[in-house]
file final.txt (compact mmCIF, C-alpha atoms and all ligand atoms)
# COMPACT_ATOMS: atom_id res chain seq x y z
CA MET A 1 0.00 0.00 0.00
CA GLY A 2 2.94 2.31 0.60
CA LYS A 3 3.45 2.30 -3.16
CA VAL A 4 0.87 5.03 -3.79
CA PRO A 5 1.16 7.80 -1.22
CA LEU A 6 -0.83 10.20 -3.32
CA VAL A 7 -4.04 8.22 -3.28
CA VAL A 8 -6.79 9.63 -1.11
CA VAL A 9 -9.88 7.54 -0.36
CA ARG A 10 -12.94 9.62 0.50
CA LYS A 11 -16.71 9.60 0.37
CA TYR A 12 -18.33 9.95 -3.04
CA GLU A 13 -19.81 13.40 -3.71
CA PRO A 14 -22.47 13.18 -6.43
CA GLU A 15 -22.06 16.59 -8.07
CA LYS A 16 -18.29 16.58 -8.06
CA ASP A 17 -17.56 12.91 -8.80
CA CYS A 18 -20.30 11.57 -11.03
CA LEU A 19 -18.47 12.02 -14.35
CA GLY A 20 -15.15 10.74 -12.98
CA VAL A 21 -16.86 7.65 -11.59
CA GLU A 22 -18.64 6.95 -14.88
CA GLU A 23 -15.30 7.18 -16.64
CA VAL A 24 -13.79 4.52 -14.34
CA GLU A 25 -16.86 2.30 -14.87
CA ARG A 26 -16.52 2.66 -18.61
CA ARG A 27 -12.85 1.69 -18.55
CA CYS A 28 -13.53 -1.31 -16.33
CA GLU A 29 -16.04 -3.20 -18.43
CA VAL A 30 -16.24 -6.46 -16.51
CA GLY A 31 -15.21 -9.58 -18.40
CA PRO A 32 -12.02 -11.05 -19.76
CA SER A 33 -10.56 -8.83 -22.46
CA GLY A 34 -11.10 -9.92 -26.06
CA LYS A 35 -14.36 -11.66 -25.17
CA MET A 36 -17.91 -10.40 -24.84
CA SER A 37 -18.44 -8.27 -21.77
CA LEU A 38 -21.40 -6.90 -19.89
CA PHE A 39 -21.51 -3.15 -19.47
CA THR A 40 -23.72 -1.55 -16.81
CA ASP A 41 -25.11 1.95 -17.24
CA MET A 42 -26.25 3.32 -13.88
CA LEU A 43 -28.27 6.03 -15.57
CA GLY A 44 -26.34 8.88 -13.97
CA ASP A 45 -26.67 7.57 -10.40
CA PRO A 46 -23.65 5.46 -9.38
CA ILE A 47 -25.13 4.89 -5.91
CA CYS A 48 -28.20 3.22 -7.37
CA ARG A 49 -26.99 -0.29 -6.60
CA VAL A 50 -26.86 0.31 -2.85
CA ARG A 51 -29.23 3.16 -2.14
CA HIS A 52 -32.20 0.95 -1.21
CA SER A 53 -30.31 -0.74 1.64
CA PRO A 54 -30.77 0.43 5.24
CA ALA A 55 -27.18 1.81 5.36
CA PHE A 56 -24.83 2.39 2.45
CA LEU A 57 -21.62 4.14 1.50
CA MET A 58 -19.71 4.78 -1.68
CA LEU A 59 -16.03 5.71 -1.67
CA VAL A 60 -13.74 6.99 -4.39
CA ALA A 61 -9.95 6.86 -4.71
CA GLU A 62 -8.50 10.12 -5.93
CA MET A 63 -4.97 10.43 -7.27
CA GLY A 64 -2.33 13.06 -7.81
CA GLU A 65 -2.61 16.78 -7.95
CA GLU A 66 -5.26 16.61 -10.65
CA LYS A 67 -7.37 14.61 -8.21
CA GLU A 68 -8.29 12.13 -10.90
CA ILE A 69 -10.73 9.44 -9.77
CA VAL A 70 -9.02 6.09 -10.30
CA GLY A 71 -11.09 3.70 -8.19
CA LEU A 72 -14.37 3.23 -6.41
CA ILE A 73 -16.20 0.87 -4.09
CA ARG A 74 -19.73 0.54 -2.74
CA GLY A 75 -20.87 -1.05 0.46
CA CYS A 76 -24.08 -1.58 2.36
CA ILE A 77 -25.17 -3.08 5.67
CA LYS A 78 -28.34 -4.78 6.77
CA THR A 79 -29.57 -7.46 9.15
CA VAL A 80 -30.04 -10.94 7.69
CA THR A 81 -30.59 -14.52 8.79
CA CYS A 82 -27.39 -16.48 9.30
CA GLY A 83 -28.88 -19.60 10.82
CA LYS A 84 -31.75 -20.98 12.84
CA LYS A 85 -32.44 -22.23 16.33
CA LEU A 86 -35.18 -24.36 17.86
CA SER A 87 -37.99 -22.31 19.31
CA ARG A 88 -38.75 -22.82 23.00
CA ASN A 89 -42.46 -23.36 22.43
CA GLY A 90 -41.91 -27.10 22.22
CA LYS A 91 -43.49 -27.35 18.79
CA ASN A 92 -40.24 -28.24 17.07
CA THR A 93 -40.35 -25.04 15.02
CA HIS A 94 -37.30 -23.01 14.11
CA LEU A 95 -36.60 -19.34 14.61
CA PRO A 96 -34.12 -17.28 12.61
CA VAL A 97 -30.82 -16.13 14.06
CA TYR A 98 -29.98 -12.71 12.71
CA THR A 99 -26.65 -11.00 12.16
CA LYS A 100 -25.52 -7.61 10.90
CA LEU A 101 -24.02 -8.24 7.50
CA ALA A 102 -22.04 -5.92 5.26
CA TYR A 103 -21.75 -6.35 1.51
CA ILE A 104 -19.05 -5.04 -0.84
CA LEU A 105 -19.98 -4.49 -4.46
CA GLY A 106 -18.95 -2.54 -7.50
CA LEU A 107 -15.24 -2.39 -6.68
CA ARG A 108 -13.41 -0.87 -9.65
CA VAL A 109 -9.88 0.35 -10.25
CA SER A 110 -8.88 1.97 -13.55
CA PRO A 111 -6.86 -0.47 -15.65
CA SER A 112 -4.01 2.08 -15.84
CA HIS A 113 -3.73 2.16 -12.04
CA ARG A 114 -3.95 -1.51 -11.10
CA ARG A 115 -1.54 -3.44 -8.89
CA MET A 116 -0.66 -0.30 -6.94
CA GLY A 117 -2.62 -1.22 -3.81
CA ILE A 118 -5.63 0.98 -4.59
CA GLY A 119 -8.14 -1.91 -4.44
CA LEU A 120 -6.70 -2.96 -1.08
CA LYS A 121 -6.95 0.58 0.27
CA LEU A 122 -10.57 0.99 -0.85
CA ILE A 123 -11.54 -2.30 0.83
CA SER A 124 -9.73 -1.43 4.02
CA VAL A 125 -11.42 2.01 4.37
CA MET A 126 -14.81 0.44 3.58
CA GLU A 127 -14.24 -2.24 6.22
CA ASP A 128 -13.41 0.43 8.81
CA TRP A 129 -16.87 1.88 8.18
CA PHE A 130 -18.46 -1.60 8.41
CA ARG A 131 -16.84 -2.18 11.82
CA GLU A 132 -17.82 1.27 13.04
CA MET A 133 -21.42 0.44 12.10
CA GLY A 134 -21.30 -2.79 14.06
CA ALA A 135 -21.28 -5.24 11.15
CA GLU A 136 -20.33 -8.76 12.22
CA TYR A 137 -19.63 -10.19 8.78
CA SER A 138 -18.77 -8.83 5.36
CA TYR A 139 -19.22 -10.60 2.06
CA MET A 140 -18.74 -10.00 -1.65
CA ALA A 141 -19.74 -11.77 -4.87
CA THR A 142 -17.62 -12.27 -7.94
CA ASP A 143 -17.28 -14.44 -11.01
CA LYS A 144 -15.28 -17.46 -9.88
CA ASP A 145 -12.90 -16.90 -12.82
CA ASN A 146 -12.13 -13.31 -11.85
CA GLU A 147 -8.64 -14.11 -10.61
CA ALA A 148 -7.77 -10.55 -9.57
CA SER A 149 -10.85 -10.19 -7.44
CA VAL A 150 -10.74 -13.69 -5.91
CA LYS A 151 -7.05 -13.37 -5.01
CA LEU A 152 -7.44 -9.87 -3.66
CA PHE A 153 -10.23 -10.87 -1.28
CA THR A 154 -9.16 -14.38 -0.29
CA GLU A 155 -5.37 -14.03 -0.20
CA ARG A 156 -5.02 -10.43 0.94
CA CYS A 157 -8.17 -9.42 2.81
CA GLY A 158 -9.02 -12.51 4.89
CA TYR A 159 -12.18 -13.61 3.05
CA SER A 160 -13.00 -17.28 2.47
CA LYS A 161 -15.01 -18.92 -0.28
CA PHE A 162 -18.51 -19.37 1.09
CA ARG A 163 -21.37 -20.07 -1.34
CA THR A 164 -21.64 -20.64 -5.07
CA PRO A 165 -25.14 -19.69 -6.21
CA SER A 166 -26.12 -19.52 -9.87
CA ILE A 167 -27.35 -16.47 -11.75
CA LEU A 168 -30.03 -17.67 -14.17
CA VAL A 169 -30.88 -15.42 -17.11
CA GLN A 170 -33.70 -15.87 -19.58
CA PRO A 171 -34.12 -13.64 -22.65
CA VAL A 172 -37.46 -11.94 -23.16
CA PHE A 173 -38.89 -13.27 -26.41
CA ALA A 174 -40.92 -11.38 -28.98
CA HIS A 175 -43.86 -13.67 -28.18
CA ARG A 176 -45.74 -14.21 -24.93
CA VAL A 177 -45.16 -17.43 -23.02
CA ARG A 178 -48.33 -19.49 -22.71
CA ILE A 179 -49.34 -20.33 -19.14
CA SER A 180 -50.83 -23.74 -18.47
CA LYS A 181 -54.58 -23.70 -17.83
CA ARG A 182 -53.95 -26.08 -14.96
CA VAL A 183 -52.21 -23.35 -12.99
CA HIS A 184 -53.88 -20.45 -11.26
CA ILE A 185 -51.79 -17.36 -10.43
CA PHE A 186 -52.79 -14.59 -8.04
CA GLN A 187 -51.07 -11.54 -6.65
CA LEU A 188 -50.49 -10.84 -2.97
CA ALA A 189 -50.79 -7.42 -1.40
CA PRO A 190 -47.37 -6.28 -0.02
CA SER A 191 -48.46 -6.81 3.60
CA ASP A 192 -49.56 -10.39 2.77
CA ALA A 193 -46.31 -10.98 0.90
CA GLU A 194 -44.44 -9.86 4.01
CA THR A 195 -46.44 -12.27 6.19
CA LEU A 196 -45.87 -15.17 3.79
CA TYR A 197 -42.15 -14.49 3.55
CA ARG A 198 -41.69 -14.08 7.30
CA HIS A 199 -43.53 -17.34 7.99
CA ARG A 200 -41.90 -19.45 5.34
CA PHE A 201 -38.53 -17.91 4.54
CA SER A 202 -37.21 -16.16 7.62
CA THR A 203 -34.93 -19.09 8.48
CA THR A 204 -33.41 -19.12 4.99
CA GLU A 205 -29.83 -17.79 4.84
CA PHE A 206 -29.53 -14.11 3.85
CA PHE A 207 -33.23 -13.42 4.51
CA PRO A 208 -33.39 -9.63 5.13
CA ARG A 209 -35.05 -8.75 8.43
CA ASP A 210 -36.46 -5.61 6.78
CA ILE A 211 -38.37 -7.68 4.19
CA ASP A 212 -41.24 -5.20 4.62
CA SER A 213 -39.16 -2.43 3.05
CA VAL A 214 -38.29 -4.77 0.17
CA VAL A 215 -41.86 -5.77 -0.72
CA ASN A 216 -43.12 -2.21 -0.20
CA ASN A 217 -40.38 -0.61 -2.30
CA LYS A 218 -41.69 1.02 -5.47
CA LEU A 219 -39.27 -1.12 -7.49
CA SER A 220 -41.02 -4.28 -6.28
CA LEU A 221 -43.66 -4.93 -8.92
CA GLY A 222 -45.54 -7.61 -7.03
CA THR A 223 -45.54 -10.98 -5.32
CA PHE A 224 -47.32 -13.80 -7.16
CA VAL A 225 -48.48 -17.18 -5.92
CA ALA A 226 -49.31 -20.15 -8.15
CA VAL A 227 -51.59 -23.03 -7.12
CA PRO A 228 -53.00 -25.92 -9.20
CA THR A 229 -56.34 -25.02 -10.77
CA GLY A 230 -59.05 -26.81 -8.86
CA SER A 231 -57.26 -26.67 -5.51
CA SER A 232 -58.50 -24.46 -2.73
CA TYR A 233 -57.58 -20.79 -3.12
CA CYS A 234 -57.54 -20.97 -6.92
CA THR A 235 -60.33 -18.44 -7.19
CA GLU A 236 -58.69 -15.95 -4.86
CA SER A 237 -58.03 -12.40 -5.92
CA VAL A 238 -55.78 -9.88 -4.20
CA VAL A 239 -58.64 -8.69 -2.09
CA GLY A 240 -60.03 -12.11 -1.29
CA LEU A 241 -56.98 -14.00 -0.06
CA ASN A 242 -56.63 -14.59 3.63
CA VAL A 243 -52.90 -15.17 3.86
CA ASN A 244 -53.05 -16.48 7.42
CA GLN A 245 -55.55 -19.11 6.39
CA PHE A 246 -53.36 -19.94 3.37
CA LEU A 247 -50.39 -20.42 5.67
CA SER A 248 -52.20 -22.60 8.16
CA ASP A 249 -53.86 -24.73 5.49
CA PRO A 250 -51.90 -24.43 2.23
CA PRO A 251 -52.74 -26.49 -0.86
CA GLU A 252 -50.59 -29.60 -1.36
CA SER A 253 -48.49 -27.69 -3.92
CA TRP A 254 -47.84 -24.00 -4.33
CA ALA A 255 -45.06 -21.66 -5.47
CA VAL A 256 -44.24 -18.00 -4.97
CA LEU A 257 -41.99 -15.35 -6.48
CA SER A 258 -41.68 -11.57 -6.52
CA VAL A 259 -40.61 -9.29 -9.35
CA TRP A 260 -38.17 -6.40 -8.93
CA ASN A 261 -37.81 -3.71 -11.55
CA CYS A 262 -34.08 -3.15 -12.16
CA LYS A 263 -34.86 -1.46 -15.45
CA ASP A 264 -35.39 1.92 -13.80
CA VAL A 265 -32.14 1.58 -11.88
CA PHE A 266 -29.61 0.46 -14.46
CA THR A 267 -29.39 -0.90 -17.98
CA LEU A 268 -27.03 -3.51 -19.36
CA GLU A 269 -25.35 -3.91 -22.70
CA VAL A 270 -23.37 -6.76 -24.24
CA ARG A 271 -20.21 -5.41 -25.80
CA GLY A 272 -17.56 -7.06 -27.90
CA ALA A 273 -19.85 -9.60 -29.63
CA SER A 274 -18.71 -10.78 -33.04
CA LYS A 275 -20.64 -9.73 -36.14
CA VAL A 276 -21.73 -13.35 -36.66
CA ARG A 277 -23.30 -13.49 -33.24
CA ARG A 278 -25.10 -10.22 -33.74
CA GLY A 279 -26.32 -11.40 -37.14
CA LEU A 280 -27.66 -14.68 -35.74
CA ALA A 281 -29.42 -12.88 -32.94
CA LYS A 282 -31.04 -10.51 -35.40
CA THR A 283 -32.24 -13.39 -37.58
CA THR A 284 -33.96 -15.14 -34.67
CA ARG A 285 -35.73 -11.90 -33.78
CA ILE A 286 -36.99 -11.37 -37.31
CA MET A 287 -38.15 -14.99 -37.53
CA ASP A 288 -39.95 -14.78 -34.22
CA ARG A 289 -41.68 -11.55 -35.15
CA ALA A 290 -42.79 -13.00 -38.48
CA PHE A 291 -43.82 -16.44 -37.19
CA PRO A 292 -44.69 -16.03 -33.52
CA TRP A 293 -46.70 -19.28 -33.47
CA LEU A 294 -43.50 -21.25 -34.11
CA GLY A 295 -42.29 -20.15 -30.69
CA ILE A 296 -38.71 -19.66 -31.89
CA PRO A 297 -36.81 -18.32 -28.92
CA SER A 298 -35.56 -14.99 -30.24
CA VAL A 299 -32.52 -13.33 -28.74
CA PRO A 300 -33.46 -9.88 -27.54
CA GLU A 301 -31.56 -6.78 -28.58
CA VAL A 302 -28.78 -7.11 -26.01
CA PHE A 303 -26.14 -5.29 -28.06
CA ARG A 304 -27.89 -2.05 -27.25
CA PRO A 305 -28.73 -1.03 -23.66
CA PHE A 306 -31.53 -3.18 -22.22
CA GLY A 307 -33.33 -3.41 -18.90
CA LEU A 308 -34.09 -6.37 -16.69
CA HIS A 309 -36.50 -7.67 -14.11
CA PHE A 310 -35.10 -9.64 -11.20
CA LEU A 311 -37.06 -12.48 -9.61
CA TYR A 312 -36.64 -12.77 -5.85
CA GLY A 313 -38.32 -14.57 -2.96
CA ILE A 314 -38.53 -17.79 -4.94
CA GLY A 315 -40.04 -20.69 -3.06
CA GLY A 316 -42.76 -23.26 -2.82
CA GLU A 317 -43.78 -26.66 -1.57
CA GLY A 318 -45.33 -29.88 -2.77
CA THR A 319 -44.97 -32.34 -5.60
CA GLU A 320 -46.02 -29.84 -8.27
CA SER A 321 -44.00 -26.87 -7.06
CA VAL A 322 -41.45 -27.10 -9.90
CA LYS A 323 -44.22 -27.04 -12.49
CA LEU A 324 -45.92 -24.15 -10.70
CA MET A 325 -42.62 -22.25 -10.59
CA LYS A 326 -42.28 -22.72 -14.34
CA SER A 327 -45.69 -21.11 -14.84
CA LEU A 328 -44.77 -18.25 -12.51
CA CYS A 329 -41.60 -17.66 -14.52
CA GLY A 330 -43.70 -17.60 -17.71
CA PHE A 331 -45.99 -15.07 -16.07
CA ALA A 332 -42.97 -12.97 -15.03
CA HIS A 333 -41.60 -13.23 -18.57
CA ASN A 334 -44.81 -11.76 -19.95
CA LEU A 335 -44.68 -8.96 -17.41
CA ALA A 336 -41.09 -8.18 -18.45
CA LYS A 337 -42.12 -8.21 -22.10
CA LYS A 338 -44.85 -5.69 -21.34
CA SER A 339 -42.29 -3.43 -19.64
CA GLY A 340 -39.89 -3.69 -22.59
CA CYS A 341 -37.16 -5.59 -20.73
CA GLY A 342 -34.43 -7.55 -22.54
CA VAL A 343 -34.01 -10.28 -19.92
CA VAL A 344 -35.40 -11.76 -16.73
CA ALA A 345 -32.78 -12.79 -14.18
CA THR A 346 -32.67 -14.47 -10.82
CA GLU A 347 -30.12 -15.96 -8.47
CA VAL A 348 -30.56 -19.22 -6.59
CA ALA A 349 -28.51 -21.47 -4.29
CA SER A 350 -26.55 -24.22 -6.02
CA GLY A 351 -28.80 -26.82 -4.36
CA GLU A 352 -32.11 -25.00 -4.90
CA PRO A 353 -34.74 -27.69 -5.65
CA LEU A 354 -36.92 -25.25 -7.61
CA ARG A 355 -34.21 -24.29 -10.10
CA LEU A 356 -35.51 -27.01 -12.42
CA GLY A 357 -38.62 -24.89 -12.83
CA ILE A 358 -36.71 -21.73 -13.77
CA PRO A 359 -36.18 -21.48 -17.53
CA HIS A 360 -32.85 -19.90 -18.48
CA TRP A 361 -30.25 -19.82 -21.19
CA LYS A 362 -26.92 -21.31 -20.22
CA SER A 363 -25.03 -18.93 -22.49
CA LEU A 364 -26.44 -15.90 -20.67
CA SER A 365 -26.28 -17.37 -17.16
CA CYS A 366 -23.48 -17.74 -14.64
CA ALA A 367 -23.39 -21.23 -13.17
CA GLU A 368 -21.08 -20.29 -10.32
CA ASP A 369 -21.23 -16.85 -8.81
CA LEU A 370 -18.69 -17.03 -6.00
CA TRP A 371 -19.61 -15.43 -2.65
CA CYS A 372 -16.74 -14.88 -0.22
CA ILE A 373 -17.19 -13.99 3.43
CA LYS A 374 -15.20 -12.64 6.36
CA ARG A 375 -15.96 -12.51 10.07
CA PHE A 376 -14.94 -9.35 11.88
CA GLY A 377 -14.58 -10.68 15.44
CA ASP A 378 -15.02 -13.65 17.75
CA ASP A 379 -17.27 -12.42 20.51
CA TYR A 380 -20.66 -12.51 18.82
CA SER A 381 -24.06 -13.31 20.18
CA ASP A 382 -24.60 -15.99 17.51
CA GLY A 383 -23.80 -18.84 19.87
CA SER A 384 -26.38 -21.22 18.47
CA VAL A 385 -25.03 -20.80 14.92
CA GLY A 386 -21.36 -20.56 15.75
CA ASP A 387 -19.15 -19.13 13.09
CA TRP A 388 -21.38 -18.56 10.04
CA THR A 389 -18.37 -18.62 7.72
CA LYS A 390 -17.86 -22.32 8.64
CA SER A 391 -21.51 -23.38 8.37
CA LYS A 392 -22.88 -25.75 5.76
CA PRO A 393 -25.01 -24.21 2.99
CA GLY A 394 -28.76 -24.69 3.13
CA LEU A 395 -30.76 -25.80 0.10
CA SER A 396 -31.91 -22.23 -0.56
CA ILE A 397 -30.72 -18.68 -0.10
CA PHE A 398 -32.75 -15.49 -0.10
CA VAL A 399 -31.15 -13.17 -2.63
CA ASP A 400 -31.95 -9.55 -1.87
CA PRO A 401 -33.06 -7.76 -5.06
CA ARG A 402 -31.70 -4.45 -3.74
CA GLU A 403 -28.17 -5.70 -4.24
CA PHE A 404 -28.35 -7.46 -7.55
C1 LIG A 501 -10.05 -6.42 -8.81
C2 LIG A 501 -9.46 -5.00 -8.85
C3 LIG A 501 -10.41 -4.06 -8.14
C4 LIG A 501 -8.11 -5.02 -8.10
O1 LIG A 501 -7.66 -3.69 -7.94
P1 LIG A 501 -6.12 -3.30 -7.76
O2 LIG A 501 -6.04 -1.90 -7.27
O3 LIG A 501 -5.38 -3.63 -8.97
O4 LIG A 501 -5.69 -4.30 -6.60
P2 LIG A 501 -4.44 -4.12 -5.63
O5 LIG A 501 -3.31 -3.42 -6.33
O6 LIG A 501 -4.89 -3.51 -4.35
O7 LIG A 501 -4.05 -5.64 -5.43
C5 LIG A 501 -3.76 -6.16 -4.15
C6 LIG A 501 -3.44 -7.65 -4.28
O8 LIG A 501 -4.53 -8.36 -4.86
C7 LIG A 501 -4.02 -9.41 -5.72
N1 LIG A 501 -4.30 -9.09 -7.14
C8 LIG A 501 -4.80 -7.94 -7.64
N2 LIG A 501 -4.94 -8.03 -8.97
C9 LIG A 501 -4.49 -9.25 -9.32
C10 LIG A 501 -4.37 -9.92 -10.56
N3 LIG A 501 -4.71 -9.34 -11.73
N4 LIG A 501 -3.89 -11.18 -10.57
C11 LIG A 501 -3.52 -11.78 -9.41
N5 LIG A 501 -3.58 -11.18 -8.20
C12 LIG A 501 -4.07 -9.93 -8.15
C13 LIG A 501 -2.53 -9.40 -5.50
O9 LIG A 501 -2.26 -10.21 -4.37
C14 LIG A 501 -2.27 -7.96 -5.17
O10 LIG A 501 -1.06 -7.73 -4.46
P3 LIG A 501 0.33 -7.54 -5.28
O11 LIG A 501 0.09 -6.53 -6.35
O12 LIG A 501 1.26 -7.09 -4.22
O13 LIG A 501 0.66 -8.90 -5.84
C15 LIG A 501 -9.21 -4.54 -10.31
O14 LIG A 501 -8.49 -5.52 -10.99
C16 LIG A 501 -10.47 -4.22 -11.09
O15 LIG A 501 -11.00 -3.11 -11.05
N6 LIG A 501 -10.98 -5.21 -11.89
C17 LIG A 501 -12.17 -5.03 -12.71
C18 LIG A 501 -13.44 -4.94 -11.90
C19 LIG A 501 -13.60 -6.13 -10.99
O16 LIG A 501 -13.43 -7.26 -11.38
N7 LIG A 501 -13.97 -5.85 -9.74
C20 LIG A 501 -14.17 -6.84 -8.71
C21 LIG A 501 -15.59 -7.21 -8.64
S1 LIG A 501 -15.99 -7.57 -6.98

call {"tool": "encode", "arguments": {"input": "final.txt", "output": "structure tokens"}}
result
Amino acid sequence: MGKVPLVVVRKYEPEKDCLGVEEVERRCEVGPSGKMSLFTDMLGDPICRVRHSPAFLMLVAEMGEEKEIVGLIRGCIKTVTCGKKLSRNGKNTHLPVYTKLAYILGLRVSPSHRRMGIGLKLISVMEDWFREMGAEYSYMATDKDNEASVKLFTERCGYSKFRTPSILVQPVFAHRVRISKRVHIFQLAPSDAETLYRHRFSTTEFFPRDIDSVVNNKLSLGTFVAVPTGSSYCTESVVGLNVNQFLSDPPESWAVLSVWNCKDVFTLEVRGASKVRRGLAKTTRIMDRAFPWLGIPSVPEVFRPFGLHFLYGIGGEGTESVKLMKSLCGFAHNLAKKSGCGVVATEVASGEPLRLGIPHWKSLSCAEDLWCIKRFGDDYSDGSVGDWTKSKPGLSIFVDPREF
């Protein structure tokens, strides 16, 4: 770190730093050079990826007398589930154990200023803030093949490899997806969605304790439940559903998901694609528009900026839950089509049983998103969980849409 005495790390100031930050983002298109890469446009608001969290901070690294911005980092803190304990009511039910968790994202250093210790310095100042705020753990997510990032965090900053969820991405086709007549889908009011999630998901790892602010956020477009047609509740509307009754006497099979509108927060763009690829993509689009009944999966226009919807709060039970999830994903696809999105994305645990019901394209997805974690101290109140960093993964995780 002593190599760059002229680097100052300080809080991001929107008016002063916005252009400089965008310039660093532009130079740091994520992805191995020479291959296709995914570029994110934050629509003039570089804090957008953290601003919906209960506490957040963005730092910039400034260099030399010109005070050029050469690096940046974002961080946020919230309370999440890190494990579960048996409740004392004798009913063999579990209660969540919560912890204060910090998350590092959007770390960028200008290619011309790498290997000078700037990344390390940004992380260290961010972690000082995390500790000051009382965070007990910090984690980050990266592509498992991003050697610079993995080495920086695991070899130099004390993080260990923790979970490997998958990011599943489905293009939005030019045609609507047909939903099976044997599935009935209804929408939950935000307060009912909160009740359902707290009852069924609060012991899932990474479940945010402030789930109410997630489902009530204006970016959350709705929570949808699917049940087999003919089962109880299949005639329910938003107004009619009694969620407490649903929870105490659910149908044999059901599935749920919520939709988050990332499109108004950032857009994505695939850069560096060969002409052949672009040409093929264009052909499938033309074919699909001309012959929609053939159901040719057309590749959306991803070589220009496009928006996405993120599916969160994925879950369900029963023998037909995978099939019901598939219908819910079709429903979400049609919603995304209506909003003019290019893709629908979600992120699930590597062992998630419902992933079979989530349609996605392998070429657009990331099979192994690597999450690394670090514990800040030893004297925590999480006795019944022990050290979360050493715990076994559960079948599911709750991926917070605010941080995608
Ligand atoms: C990852 C990134 C932020 C690292 O920034 P940086 O300022 O170059 O990192 P530092 O100089 O502080 O590196 C500290 C240590 O990390 C490791 N490291 C960093 N880059 C590395 C690389 N390309 N290969 C191997 N190890 C690397 C080394 O141990 C290094 O110490 P050393 O230089 O003494 O060997 C930068 O490469 C970057 O912006 N990449 C593109 C965006 C990205 O992938 N961000 C991470 C997403 S979470």

call {"tool": "residues_near_ligand", "arguments": {"input": "final.txt", "ligand": "ligand LIG 501 (chain A)", "cutoff": "8 Å", "atoms": "all atoms listed in the file", "output": "number ranges by chain"}}
result
A: 1, 28-31, 71, 104-111, 113-121, 140-143, 146-153, 155-156

call {"tool": "write_last_selection", "arguments": {"input": "final.txt", "atoms": "C-alpha atoms", "output": "mmCIF file, keeping the file's coordinate frame"}}
result
data_model
loop_
_atom_site.group_PDB
_atom_site.id
_atom_site.type_symbol
_atom_site.label_atom_id
_atom_site.label_comp_id
_atom_site.auth_asym_id
_atom_site.auth_seq_id
_atom_site.Cartn_x
_atom_site.Cartn_y
_atom_site.Cartn_z
ATOM 1 C CA MET A 1 0.000 0.000 0.000
ATOM 2 C CA CYS A 28 -13.530 -1.310 -16.330
ATOM 3 C CA GLU A 29 -16.040 -3.200 -18.430
ATOM 4 C CA VAL A 30 -16.240 -6.460 -16.510
ATOM 5 C CA GLY A 31 -15.210 -9.580 -18.400
ATOM 6 C CA GLY A 71 -11.090 3.700 -8.190
ATOM 7 C CA ILE A 104 -19.050 -5.040 -0.840
ATOM 8 C CA LEU A 105 -19.980 -4.490 -4.460
ATOM 9 C CA GLY A 106 -18.950 -2.540 -7.500
ATOM 10 C CA LEU A 107 -15.240 -2.390 -6.680
ATOM 11 C CA ARG A 108 -13.410 -0.870 -9.650
ATOM 12 C CA VAL A 109 -9.880 0.350 -10.250
ATOM 13 C CA SER A 110 -8.880 1.970 -13.550
ATOM 14 C CA PRO A 111 -6.860 -0.470 -15.650
ATOM 15 C CA HIS A 113 -3.730 2.160 -12.040
ATOM 16 C CA ARG A 114 -3.950 -1.510 -11.100
ATOM 17 C CA ARG A 115 -1.540 -3.440 -8.890
ATOM 18 C CA MET A 116 -0.660 -0.300 -6.940
ATOM 19 C CA GLY A 117 -2.620 -1.220 -3.810
ATOM 20 C CA ILE A 118 -5.630 0.980 -4.590
ATOM 21 C CA GLY A 119 -8.140 -1.910 -4.440
ATOM 22 C CA LEU A 120 -6.700 -2.960 -1.080
ATOM 23 C CA LYS A 121 -6.950 0.580 0.270
ATOM 24 C CA MET A 140 -18.740 -10.000 -1.650
ATOM 25 C CA ALA A 141 -19.740 -11.770 -4.870
ATOM 26 C CA THR A 142 -17.620 -12.270 -7.940
ATOM 27 C CA ASP A 143 -17.280 -14.440 -11.010
ATOM 28 C CA ASN A 146 -12.130 -13.310 -11.850
ATOM 29 C CA GLU A 147 -8.640 -14.110 -10.610
ATOM 30 C CA ALA A 148 -7.770 -10.550 -9.570
ATOM 31 C CA SER A 149 -10.850 -10.190 -7.440
ATOM 32 C CA VAL A 150 -10.740 -13.690 -5.910
ATOM 33 C CA LYS A 151 -7.050 -13.370 -5.010
ATOM 34 C CA LEU A 152 -7.440 -9.870 -3.660
ATOM 35 C CA PHE A 153 -10.230 -10.870 -1.280
ATOM 36 C CA GLU A 155 -5.370 -14.030 -0.200
ATOM 37 C CA ARG A 156 -5.020 -10.430 0.940
#

call {"tool": "atom_distance", "arguments": {"input": "final.txt", "atom1": "CA of Arg402 in chain A", "atom2": "CA of Ala255 in chain A"}}
result
21.9 Å

call {"tool": "closest_residue", "arguments": {"input": "final.txt", "among": "A:Ser87, A:Ser253, A:Ser391, A:Thr203", "to": "Pro228 in chain A", "atoms": "all atoms listed in the file"}}
result
A:Ser253

call {"tool": "closest_atom_pairs", "arguments": {"input": "final.txt", "of": "range 139-240 of chain A", "to": "range 53-65 of chain A", "cutoff": "12 Å", "atoms": "only C-alpha atoms", "output": "Markdown table"}}
result
| residue | atom | partner | partner_atom | distance |
| --- | --- | --- | --- | --- |
| A:Pro208 | CA | A:Ser53 | CA | 10.0 |
| A:Arg209 | CA | A:Pro54 | CA | 10.6 |
| A:Asp210 | CA | A:Pro54 | CA | 8.4 |
| A:Ile211 | CA | A:Ser53 | CA | 10.9 |
| A:Asp212 | CA | A:Pro54 | CA | 11.9 |
| A:Ser213 | CA | A:Ser53 | CA | 9.1 |
| A:Val214 | CA | A:Ser53 | CA | 9.1 |
| A:Asn217 | CA | A:Ser53 | CA | 10.8 |
